[in-house]
Amino acid sequence: MLRLSLFRYDPAQMYLEVFTLENYVRFFKDEFYQQVLWTTLWISTVTTLFCLIGGLAVAYFVARTESEFLKRYLIVAIVLPLFMGNVARTAGWIIVLDNGGLLNFLIQEVGVATSSFRLLYTSGAVITGLTSVLLPFMIVTLNSVMQGIDVSLEEASSNLGASPLTTFRRVVLPLLMPGIFAGSVLCFILSMNAYATPILVGGPQFHMMAPTIYSQFSATMNWPFGAALAFILITMTMVLTLASSLAFNRAAREGANS
């Protein structure tokens, strides 16, 4: 793919095998493609944050559920959506968020508004769809770490007079950091490379990197520029993942030393 990204696009032959950086120059000079990358970055960041907030609450509840019977079925309920394709799960949000969909119907029924809101084909719809798709990954990752945290540590903190919030912040959260890092990186990478969700609930006017790359290969048939976009996406994802890993390891060492 890197080699292909260094070729020159030719409408007649698809590409010419000559070394050139014009595909990368085009990306960094064209504000449209830079905006596509920044949109992908902030959508992925917000989605990861929402997955983390929701995943922490659910994983803590599941891990601290005393009934093994209930815990077993909760885990099954969390994992079950992963057996369904992303397209099917995302398509369900079209029914909910459409102008004549369930959410607009409920808003009008309770008297909040007299007309429908534009919920579908917005950045909020994309974030909602991605969060619903990726949340099980975060919950499963956090739950596996939460199960290894001894409950007696929380009981000791409570006996010493700490509130539940303080116990979670000072005891549980530091021990949960490896799971938070792993789950956040996983959700961020999957968000950065999401294709079906931005297409279905974002609409044709909402642009993220994966659909834009696909359009270069399938619609315009500009394979060299599509390969350059793909390589830029991969590089950006790797750089951010490595940077966060280094920051996490540094914070962990400082916490251990203190």
# chains A, B, ... in the order shown; residues from 1 in each chain; ligands from 1
>>> closest_atom_pairs(of="range 12-82 of chain A", to="range 225-239 of chain A", cutoff="9 Å", atoms="only C-alpha atoms", output="JSON lines")
{"residue": "A:Glu22", "atom": "CA", "partner": "A:Phe225", "partner_atom": "CA", "distance": 8.7}
{"residue": "A:Asn23", "atom": "CA", "partner": "A:Phe225", "partner_atom": "CA", "distance": 5.2}
{"residue": "A:Tyr24", "atom": "CA", "partner": "A:Ala228", "partner_atom": "CA", "distance": 6.3}
{"residue": "A:Arg26", "atom": "CA", "partner": "A:Phe225", "partner_atom": "CA", "distance": 8.5}
{"residue": "A:Phe27", "atom": "CA", "partner": "A:Leu229", "partner_atom": "CA", "distance": 7.7}
{"residue": "A:Tyr33", "atom": "CA", "partner": "A:Leu229", "partner_atom": "CA", "distance": 8.8}
{"residue": "A:Leu37", "atom": "CA", "partner": "A:Leu233", "partner_atom": "CA", "distance": 8.0}
>>> write_last_selection(atoms="C-alpha atoms", output="compact mmCIF listing (two decimals), in the first residue's frame")
# COMPACT_ATOMS: atom_id res chain seq x y z
CA GLU A 22 2.15 14.33 -4.96
CA ASN A 23 -0.55 12.25 -3.26
CA TYR A 24 0.71 13.24 0.19
CA ARG A 26 -2.35 16.92 -2.14
CA PHE A 27 -3.60 15.76 1.25
CA TYR A 33 -9.10 16.15 3.50
CA LEU A 37 -9.01 13.75 9.37
>>> closest_atom_pairs(of="range 161-252 of chain A", to="range 96-107 of chain A", cutoff="12 Å", atoms="only C-alpha atoms", output="CSV")
residue,atom,partner,partner_atom,distance
A:Leu200,CA,A:Leu97,CA,11.5
A:Val201,CA,A:Leu97,CA,8.6
A:Gly202,CA,A:Leu97,CA,11.2
A:Gly203,CA,A:Asp98,CA,11.8
>>> select_by_dssp(residues="range 7-215 of chain A", states="strand (DSSP E)", output="list in words")
Arg8, Tyr9, Asp10, Met14, Tyr15 and Leu16 of chain A
>>> atom_distance(atom1="CA of Val112 in chain A", atom2="CA of Gly129 in chain A")
23.6 Å
>>> select_by_dssp(residues="range 200-247 of chain A", states="helix (DSSP H, G or I)", output="PyMOL selection string")
chain A and resi 200-202+209-218+223-247
>>> atom_distance(atom1="CA of Ala59 in chain A", atom2="CA of Thr241 in chain A")
23.3 Å
>>> closest_atom_pairs(of="range 158-249 of chain A", to="range 80-90 of chain A", cutoff="10 Å", atoms="only C-alpha atoms", output="tab-separated table")
residue	atom	partner	partner_atom	distance
A:Ala194	CA	A:Asn86	CA	9.7
A:Tyr195	CA	A:Val87	CA	9.5
A:Ala196	CA	A:Val87	CA	6.0
A:Thr197	CA	A:Thr90	CA	5.9
A:Pro198	CA	A:Thr90	CA	9.3
A:Ile199	CA	A:Val87	CA	9.8
A:Leu200	CA	A:Thr90	CA	7.1
A:Val201	CA	A:Thr90	CA	7.4
>>> write_last_selection(atoms="N, CA and C atoms", output="compact mmCIF listing (two decimals), in the first residue's frame")
# COMPACT_ATOMS: atom_id res chain seq x y z
N ALA A 194 -13.84 3.26 11.48
CA ALA A 194 -15.24 2.91 11.28
C ALA A 194 -15.70 3.27 9.87
N TYR A 195 -16.47 2.39 9.28
CA TYR A 195 -16.99 2.64 7.92
C TYR A 195 -18.51 2.61 7.87
N ALA A 196 -19.12 1.53 8.35
CA ALA A 196 -20.58 1.36 8.20
C ALA A 196 -21.37 2.42 8.94
N THR A 197 -20.97 2.71 10.19
CA THR A 197 -21.74 3.66 11.00
C THR A 197 -21.75 5.06 10.42
N PRO A 198 -20.60 5.65 10.04
CA PRO A 198 -20.65 6.99 9.42
C PRO A 198 -21.47 7.02 8.13
N ILE A 199 -21.43 5.94 7.37
CA ILE A 199 -22.19 5.91 6.12
C ILE A 199 -23.69 5.88 6.40
N LEU A 200 -24.13 5.04 7.34
CA LEU A 200 -25.56 4.82 7.56
C LEU A 200 -26.22 5.96 8.32
N VAL A 201 -25.62 6.40 9.42
CA VAL A 201 -26.28 7.44 10.23
C VAL A 201 -25.65 8.82 10.05
>>> residues_around(residues="Leu4 in chain A", least_positions_apart="2", cutoff="8 Å", atoms="only C-alpha atoms", output="PyMOL selection string")
chain A and resi 1-2+6-7+223-224+227-228
>>> write_last_selection(atoms="N, CA and C atoms", output="JSON list (two decimals), in the first residue's frame")
[["chain", "number", "residue", "atom", "x", "y", "z"],
["A", 1, "MET", "N", 0.83, -1.20, 0.00],
["A", 1, "MET", "CA", 0.00, 0.00, 0.00],
["A", 1, "MET", "C", 0.87, 1.26, 0.00],
["A", 2, "LEU", "N", 1.97, 1.22, 0.75],
["A", 2, "LEU", "CA", 2.89, 2.36, 0.75],
["A", 2, "LEU", "C", 3.48, 2.57, -0.63],
["A", 6, "LEU", "N", 2.83, 5.93, -3.58],
["A", 6, "LEU", "CA", 3.90, 6.73, -4.18],
["A", 6, "LEU", "C", 3.85, 6.73, -5.70],
["A", 7, "PHE", "N", 2.80, 6.09, -6.27],
["A", 7, "PHE", "CA", 2.62, 6.11, -7.72],
["A", 7, "PHE", "C", 1.78, 7.32, -8.11],
["A", 223, "TRP", "N", -6.53, 4.99, -7.04],
["A", 223, "TRP", "CA", -5.93, 4.08, -6.09],
["A", 223, "TRP", "C", -4.70, 4.67, -5.38],
["A", 224, "PRO", "N", -3.81, 5.36, -6.08],
["A", 224, "PRO", "CA", -2.65, 5.92, -5.36],
["A", 224, "PRO", "C", -3.05, 6.91, -4.26],
["A", 227, "ALA", "N", -4.64, 4.99, -1.40],
["A", 227, "ALA", "CA", -3.61, 4.31, -0.61],
["A", 227, "ALA", "C", -2.88, 5.30, 0.29],
["A", 228, "ALA", "N", -2.66, 6.52, -0.21],
["A", 228, "ALA", "CA", -2.01, 7.55, 0.61],
["A", 228, "ALA", "C", -2.89, 7.91, 1.81]]
>>> closest_residue(among="A:Thr166, A:Ser245, A:Thr128, A:Ser218", to="Cys51 in chain A", atoms="only C-alpha atoms")
A:Thr128
>>> closest_residue(among="A:Thr220, A:Ala125, A:Leu49, A:Leu135", to="Met14 in chain A", atoms="only C-alpha atoms")
A:Thr220
>>> residues_around(residues="Thr39 in chain A", least_positions_apart="3", cutoff="10 Å", atoms="only C-alpha atoms", output="mmCIF file with N, CA and C atoms, in the first residue's frame")
data_model
loop_
_atom_site.group_PDB
_atom_site.id
_atom_site.type_symbol
_atom_site.label_atom_id
_atom_site.label_comp_id
_atom_site.auth_asym_id
_atom_site.auth_seq_id
_atom_site.Cartn_x
_atom_site.Cartn_y
_atom_site.Cartn_z
ATOM 1 N N TYR A 33 -9.587 17.417 2.956
ATOM 2 C CA TYR A 33 -9.101 16.149 3.503
ATOM 3 C C TYR A 33 -8.515 16.324 4.897
ATOM 4 N N GLN A 34 -7.944 17.493 5.173
ATOM 5 C CA GLN A 34 -7.484 17.757 6.539
ATOM 6 C C GLN A 34 -8.672 17.830 7.493
ATOM 7 N N GLN A 35 -9.782 18.432 7.022
ATOM 8 C CA GLN A 35 -10.987 18.504 7.845
ATOM 9 C C GLN A 35 -11.564 17.118 8.082
ATOM 10 N N VAL A 36 -11.476 16.264 7.076
ATOM 11 C CA VAL A 36 -11.953 14.883 7.234
ATOM 12 C C VAL A 36 -11.164 14.171 8.338
ATOM 13 N N TRP A 42 -11.816 13.836 16.295
ATOM 14 C CA TRP A 42 -12.651 14.282 17.411
ATOM 15 C C TRP A 42 -13.856 13.374 17.610
ATOM 16 N N ILE A 43 -14.394 12.810 16.537
ATOM 17 C CA ILE A 43 -15.488 11.838 16.686
ATOM 18 C C ILE A 43 -14.989 10.616 17.449
ATOM 19 N N SER A 44 -13.788 10.135 17.121
ATOM 20 C CA SER A 44 -13.221 8.969 17.793
ATOM 21 C C SER A 44 -12.928 9.269 19.255
ATOM 22 N N THR A 45 -12.439 10.472 19.551
ATOM 23 C CA THR A 45 -12.129 10.844 20.930
ATOM 24 C C THR A 45 -13.386 10.917 21.782
ATOM 25 N N SER A 123 -23.426 14.672 13.449
ATOM 26 C CA SER A 123 -22.293 14.130 14.183
ATOM 27 C C SER A 123 -22.759 13.420 15.455
ATOM 28 N N MET A 192 -11.639 5.178 14.715
ATOM 29 C CA MET A 192 -10.875 5.810 13.645
ATOM 30 C C MET A 192 -11.086 5.102 12.302
ATOM 31 N N PHE A 206 -21.544 13.722 5.597
ATOM 32 C CA PHE A 206 -20.674 13.579 6.766
ATOM 33 C C PHE A 206 -19.475 12.729 6.366
ATOM 34 N N HIS A 207 -18.281 13.275 6.503
ATOM 35 C CA HIS A 207 -17.083 12.627 5.967
ATOM 36 C C HIS A 207 -16.133 12.223 7.089
ATOM 37 N N MET A 208 -15.803 10.926 7.108
ATOM 38 C CA MET A 208 -14.735 10.404 7.949
ATOM 39 C C MET A 208 -13.752 9.670 7.058
ATOM 40 N N MET A 209 -12.631 9.276 7.621
ATOM 41 C CA MET A 209 -11.529 8.783 6.804
ATOM 42 C C MET A 209 -11.859 7.489 6.063
#
>>> residues_around(residues="Cys187 in chain A", least_positions_apart="5", cutoff="7 Å", atoms="only C-alpha atoms", output="number ranges by chain")
A: 48, 134, 138
>>> decode(residues="range 184-219 of chain A", atoms="N, CA and C atoms", output="compact mmCIF listing (two decimals), in the first residue's frame")
# COMPACT_ATOMS: atom_id res chain seq x y z
N SER A 184 -9.73 1.87 26.04
CA SER A 184 -9.76 3.16 25.33
C SER A 184 -9.02 3.07 24.00
N VAL A 185 -7.87 2.42 24.00
CA VAL A 185 -7.11 2.26 22.76
C VAL A 185 -7.90 1.43 21.75
N LEU A 186 -8.53 0.36 22.22
CA LEU A 186 -9.32 -0.49 21.32
C LEU A 186 -10.47 0.29 20.71
N CYS A 187 -11.22 1.01 21.54
CA CYS A 187 -12.36 1.77 21.03
C CYS A 187 -11.91 2.90 20.11
N PHE A 188 -10.81 3.54 20.43
CA PHE A 188 -10.32 4.63 19.60
C PHE A 188 -9.89 4.13 18.22
N ILE A 189 -9.18 3.03 18.19
CA ILE A 189 -8.73 2.47 16.91
C ILE A 189 -9.93 2.06 16.05
N LEU A 190 -10.90 1.39 16.67
CA LEU A 190 -12.08 0.96 15.92
C LEU A 190 -12.90 2.16 15.44
N SER A 191 -12.94 3.23 16.23
CA SER A 191 -13.66 4.43 15.82
C SER A 191 -12.96 5.11 14.65
N MET A 192 -11.64 5.18 14.72
CA MET A 192 -10.87 5.81 13.65
C MET A 192 -11.09 5.10 12.30
N ASN A 193 -11.30 3.81 12.34
CA ASN A 193 -11.43 3.02 11.12
C ASN A 193 -12.86 2.63 10.81
N ALA A 194 -13.84 3.26 11.48
CA ALA A 194 -15.24 2.91 11.28
C ALA A 194 -15.70 3.27 9.87
N TYR A 195 -16.47 2.39 9.28
CA TYR A 195 -16.99 2.64 7.92
C TYR A 195 -18.51 2.61 7.87
N ALA A 196 -19.12 1.53 8.35
CA ALA A 196 -20.58 1.36 8.20
C ALA A 196 -21.37 2.42 8.94
N THR A 197 -20.97 2.71 10.19
CA THR A 197 -21.74 3.66 11.00
C THR A 197 -21.75 5.06 10.42
N PRO A 198 -20.60 5.65 10.04
CA PRO A 198 -20.65 6.99 9.42
C PRO A 198 -21.47 7.02 8.13
N ILE A 199 -21.43 5.94 7.37
CA ILE A 199 -22.19 5.91 6.12
C ILE A 199 -23.69 5.88 6.40
N LEU A 200 -24.13 5.04 7.34
CA LEU A 200 -25.56 4.82 7.56
C LEU A 200 -26.22 5.96 8.32
N VAL A 201 -25.62 6.40 9.42
CA VAL A 201 -26.28 7.44 10.23
C VAL A 201 -25.65 8.82 10.05
N GLY A 202 -24.50 8.89 9.37
CA GLY A 202 -23.89 10.18 9.11
C GLY A 202 -24.36 10.80 7.80
N GLY A 203 -24.70 9.94 6.84
CA GLY A 203 -25.19 10.43 5.57
C GLY A 203 -24.06 10.80 4.61
N PRO A 204 -24.42 11.14 3.38
CA PRO A 204 -23.39 11.43 2.36
C PRO A 204 -22.62 12.71 2.61
N GLN A 205 -23.14 13.62 3.42
CA GLN A 205 -22.46 14.88 3.67
C GLN A 205 -21.53 14.83 4.88
N PHE A 206 -21.54 13.72 5.60
CA PHE A 206 -20.67 13.58 6.77
C PHE A 206 -19.48 12.73 6.37
N HIS A 207 -18.28 13.27 6.50
CA HIS A 207 -17.08 12.63 5.97
C HIS A 207 -16.13 12.22 7.09
N MET A 208 -15.80 10.93 7.11
CA MET A 208 -14.74 10.40 7.95
C MET A 208 -13.75 9.67 7.06
N MET A 209 -12.63 9.28 7.62
CA MET A 209 -11.53 8.78 6.80
C MET A 209 -11.86 7.49 6.06
N ALA A 210 -12.42 6.51 6.75
CA ALA A 210 -12.66 5.21 6.11
C ALA A 210 -13.59 5.31 4.91
N PRO A 211 -14.77 5.98 5.02
CA PRO A 211 -15.61 6.13 3.83
C PRO A 211 -14.93 6.93 2.72
N THR A 212 -14.14 7.93 3.09
CA THR A 212 -13.44 8.74 2.09
C THR A 212 -12.41 7.89 1.34
N ILE A 213 -11.71 7.03 2.06
CA ILE A 213 -10.74 6.13 1.42
C ILE A 213 -11.45 5.20 0.46
N TYR A 214 -12.58 4.65 0.90
CA TYR A 214 -13.33 3.73 0.05
C TYR A 214 -13.80 4.42 -1.23
N SER A 215 -14.24 5.67 -1.12
CA SER A 215 -14.73 6.38 -2.30
C SER A 215 -13.60 6.62 -3.30
N GLN A 216 -12.38 6.82 -2.81
CA GLN A 216 -11.25 7.01 -3.71
C GLN A 216 -10.95 5.74 -4.49
N PHE A 217 -11.14 4.60 -3.85
CA PHE A 217 -10.86 3.33 -4.53
C PHE A 217 -12.01 2.91 -5.46
N SER A 218 -13.25 3.14 -5.03
CA SER A 218 -14.40 2.60 -5.77
C SER A 218 -15.04 3.60 -6.72
N ALA A 219 -15.15 4.88 -6.30
CA ALA A 219 -15.86 5.86 -7.11
C ALA A 219 -14.94 6.56 -8.11
